[in-house]
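S.K.: Starting off with a structure, shown below.
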Amino acid sequence: MEEAVKKLKILEKKNILLLMHHNADIDALASAWVLKNYFSLKNNVTIATCESLAKQTKKLLNIINEEIVKDPDCSAYDFIIVVDTSSYEQVKTAKNLKINAIIDHHEKGDLKAEIEIIDKNAKATACIVYEIMKEFGYELSEIEKKVLLAGIVSDTAHLRFADKNTFKIISELIGNFSFGEVLNLIAVEEDVSDRIATLKAAKRMELYKFNELIVAFSKLGSHEAIAARNLVKLGVDIAIVMTKKDNELRISSRGKEKILAKGINLAEIFKKVGEFIQGSGGGHDLAGSANGKVKPYEIVRNFILKELSKKLGKWKKIKV
Ligand SMILES: [Mn+2]
């Protein structure tokens, strides 16, 4: 790593492109931005993404007040650094792709470069960028520290995957600001339409109890998936939300992890629900869905209750 870092340190008078992956996330932007601030001392630097930016990344981009390019033409630059990926698939929309360096923390992909700083044990590219800045002797500003922390927090699912080394880096990065300020950088509020759908679903909710498990049914005009997810956040163990569009019935469900121990697999149940409504169904164990022909709400609800009772036993309706 040291040799590679030295080669980067001496870059000057170059037109540098920092190329982020498809739908760039916070870790990619945080890393690219701090690299840009360093390289800008002696070079001309542009940050670019491929195709799009994740929603949270747009918010961070506004906060750091940065302009970025989309799907750049690499032939306009003389030194290109790919950030937070090493897979062709993730950067293929860049034109005339050429690469001089890769800085990444994922399993090595199919891209090759003369300078590769890849550490798959690092939990975020922001961790690697922090180490590079230390090697460069670059003193990070408070906002740069905060932004790198945002990258780390977001790539570790709010530190869930953080290890000893991650916490060491965090302790070195935390400045004269609270951890809450870092969390604020990565928090995005849901769209107003999603929140309205959730509140409507909650208002129309029907509740059932299987011993200690709470199951909720509701109906909406749209946004069934987000509403089901948010009902689970409210405290429901399994949420099922139905929508009718023209002649199609769409049902979305979400469950808490604890239902797995009770033998409930929502993908399996919704495969049957799909057949029941003469359509198709499936999904994941904690997120099942089905689409098919319109049937009365009560009939579909009763079918699902019966399927659940095969594993959970008797149910009781809760008055709301
Ligand atoms: Mn990352």
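How things are named: the first chain in the structure tokens is A, the next is B, and so on; residues count from 1 in each chain; ligands count from 1 in the order shown.
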Report as a PyMOL selection string all protein, DNA and RNA residues lying within 7 Å of region 95-109 of chain A, evaluated on only C-alpha atoms, omitting residues in the same chain fewer than 2 positions from it.

M.R.: chain A and resi 71-75+79-87+93+111+113-125

S.K.: Select from region 5-250 of chain A everything DSSP, run on the backbone, classes as strand (DSSP E or B), then give the selection as a VMD selection string.

M.R.: chain A and resid 15 to 24 44 to 53 69 to 70 73 79 to 83 95 101 to 104 115 to 118 206 to 210 213 to 220 238 to 245 248 to 250

S.K.: For those residues, write C-alpha atoms to a file as a short mmCIF file (atom, residue, chain, number, x, y, z; two decimals), in the first residue's frame.

M.R.:
```
data_model
loop_
_atom_site.label_atom_id
_atom_site.label_comp_id
_atom_site.auth_asym_id
_atom_site.auth_seq_id
_atom_site.Cartn_x
_atom_site.Cartn_y
_atom_site.Cartn_z
CA ASN A 15 -6.47 16.74 -14.87
CA ILE A 16 -7.71 14.18 -12.38
CA LEU A 17 -11.04 12.39 -12.57
CA LEU A 18 -12.41 10.69 -9.45
CA LEU A 19 -14.86 8.18 -10.85
CA MET A 20 -17.53 6.81 -8.52
CA HIS A 21 -19.60 3.70 -9.16
CA HIS A 22 -23.13 3.43 -10.51
CA ASN A 23 -25.72 5.00 -8.18
CA ALA A 24 -22.90 6.30 -5.98
CA ASN A 44 -7.43 20.10 -11.46
CA VAL A 45 -9.94 17.62 -10.04
CA THR A 46 -13.43 16.51 -11.10
CA ILE A 47 -15.74 14.06 -9.34
CA ALA A 48 -18.06 11.97 -11.50
CA THR A 49 -20.67 9.28 -11.01
CA CYS A 50 -22.00 6.63 -13.35
CA GLU A 51 -25.64 6.90 -14.33
CA SER A 52 -27.08 8.17 -11.04
CA LEU A 53 -26.62 9.06 -7.40
CA VAL A 69 -20.33 15.16 -13.55
CA LYS A 70 -22.43 12.24 -14.79
CA ASP A 73 -15.70 11.12 -21.04
CA PHE A 79 -5.39 10.59 -14.49
CA ILE A 80 -8.43 8.56 -13.49
CA ILE A 81 -9.04 7.13 -10.05
CA VAL A 82 -11.95 4.74 -9.58
CA VAL A 83 -13.43 5.01 -6.10
CA LYS A 95 -17.15 6.96 -21.95
CA ALA A 101 -5.78 3.95 -9.98
CA ILE A 102 -8.37 2.10 -7.90
CA ILE A 103 -9.18 2.82 -4.26
CA ASP A 104 -11.67 0.31 -2.89
CA ILE A 115 -1.99 1.78 -8.79
CA GLU A 116 -4.35 -0.36 -6.75
CA ILE A 117 -5.15 0.44 -3.14
CA ILE A 118 -7.64 -2.26 -2.31
CA GLU A 206 -57.10 -4.45 11.08
CA LEU A 207 -55.20 -6.28 13.81
CA TYR A 208 -54.95 -9.96 14.69
CA LYS A 209 -53.03 -11.72 17.41
CA PHE A 210 -51.44 -15.16 17.27
CA LEU A 213 -47.40 -12.06 17.43
CA ILE A 214 -49.31 -9.11 16.01
CA VAL A 215 -50.45 -9.30 12.40
CA ALA A 216 -51.87 -6.25 10.62
CA PHE A 217 -53.88 -6.06 7.39
CA SER A 218 -54.60 -2.86 5.55
CA LYS A 219 -55.57 -1.53 2.12
CA LEU A 220 -54.37 1.40 0.06
CA ILE A 238 -46.28 -9.09 10.17
CA ALA A 239 -47.85 -6.37 8.02
CA ILE A 240 -49.88 -7.12 4.91
CA VAL A 241 -51.08 -4.29 2.68
CA MET A 242 -53.28 -4.75 -0.38
CA THR A 243 -53.86 -2.41 -3.32
CA LYS A 244 -56.24 -2.69 -6.24
CA LYS A 245 -55.26 -1.21 -9.58
CA GLU A 248 -55.04 -6.27 -10.54
CA LEU A 249 -54.66 -7.00 -6.86
CA ARG A 250 -51.22 -6.36 -5.40
#
```

S.K.: Please determine, counting only C-alpha atoms and all ligand atoms, which residue among A:Gly137, A:Val153, A:Lys164, A:Asn43 has the shortest atom-to-atom distance to ligand 1.

M.R.: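 Among A:Gly137, A:Val153, A:Lys164, A:Asn43, it is A:Val153 that comes nearest to ligand 1.
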
S.K.: Which distance in Å separates CA of Leu199 (chain A) and CA of Val320 (chain A), to one decimal?

M.R.: 15.2 Å

S.K.: How far is it from CA of Val188 (chain A) to CA of Ser154 (chain A), in Å with one decimal?

M.R.: 12.0 Å

S.K.: Calculate how many Å separate CA of Leu8 (chain A) from CA of Cys127 (chain A), rounding to one decimal.

M.R.: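 Pair CA of Leu8 (chain A) / CA of Cys127 (chain A) returns 16.9 Å.
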
S.K.: From the DSSP assignment of the backbone, select every residue of region 92-140 of chain A that is alpha helix (DSSP H), and format the answer as a PyMOL selection string.

M.R.: chain A and resi 125-136

S.K.: Using C-alpha atoms, can you export the residues from the last selection as a PDB file, in the first residue's frame?

M.R.:
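Just written: again-v6.pdb:
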```
ATOM      1  CA  THR A 125     -13.521   3.170   1.310  1.00  0.00           C
ATOM      2  CA  ALA A 126     -13.665   6.169   3.664  1.00  0.00           C
ATOM      3  CA  CYS A 127     -11.478   4.157   6.104  1.00  0.00           C
ATOM      4  CA  ILE A 128      -8.872   3.669   3.377  1.00  0.00           C
ATOM      5  CA  VAL A 129      -9.028   7.327   2.361  1.00  0.00           C
ATOM      6  CA  TYR A 130      -8.475   8.265   5.993  1.00  0.00           C
ATOM      7  CA  GLU A 131      -5.330   6.110   6.087  1.00  0.00           C
ATOM      8  CA  ILE A 132      -4.131   7.612   2.791  1.00  0.00           C
ATOM      9  CA  MET A 133      -4.592  11.135   4.137  1.00  0.00           C
ATOM     10  CA  LYS A 134      -2.553  10.175   7.193  1.00  0.00           C
ATOM     11  CA  GLU A 135       0.235   8.949   4.896  1.00  0.00           C
ATOM     12  CA  PHE A 136      -0.012  12.146   2.862  1.00  0.00           C
TER      13      PHE A 136
END
```

S.K.: Which is closer to ligand 1 than all the others in A:Lys146, A:Glu181, A:Ile304, A:Gly151, using only C-alpha atoms and all ligand atoms?

M.R.: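 Selected residue with least distance to ligand 1: A:Gly151.
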
S.K.: Between A:Met205, A:Leu185, A:Ile299, A:Ala157, which one has atoms that come closest to ligand 1, using only C-alpha atoms and all ligand atoms?

M.R.: A:Ala157

S.K.: Skip Glu12 (chain A) itself and residues of its chain fewer than 2 positions away, then list as a list in words all residues within 7 Å of it, counting only C-alpha atoms.

M.R.: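 Returned residues: Ile10, Lys14, Lys42 and Asn43 of chain A.
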
S.K.: Nearest residue to Leu173 (chain A) out of A:Thr156, A:Ser193, A:Ser141, A:Ser31, using only C-alpha atoms?

M.R.: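 Counting only C-alpha atoms, the residue closest to Leu173 (chain A) is A:Ser141.
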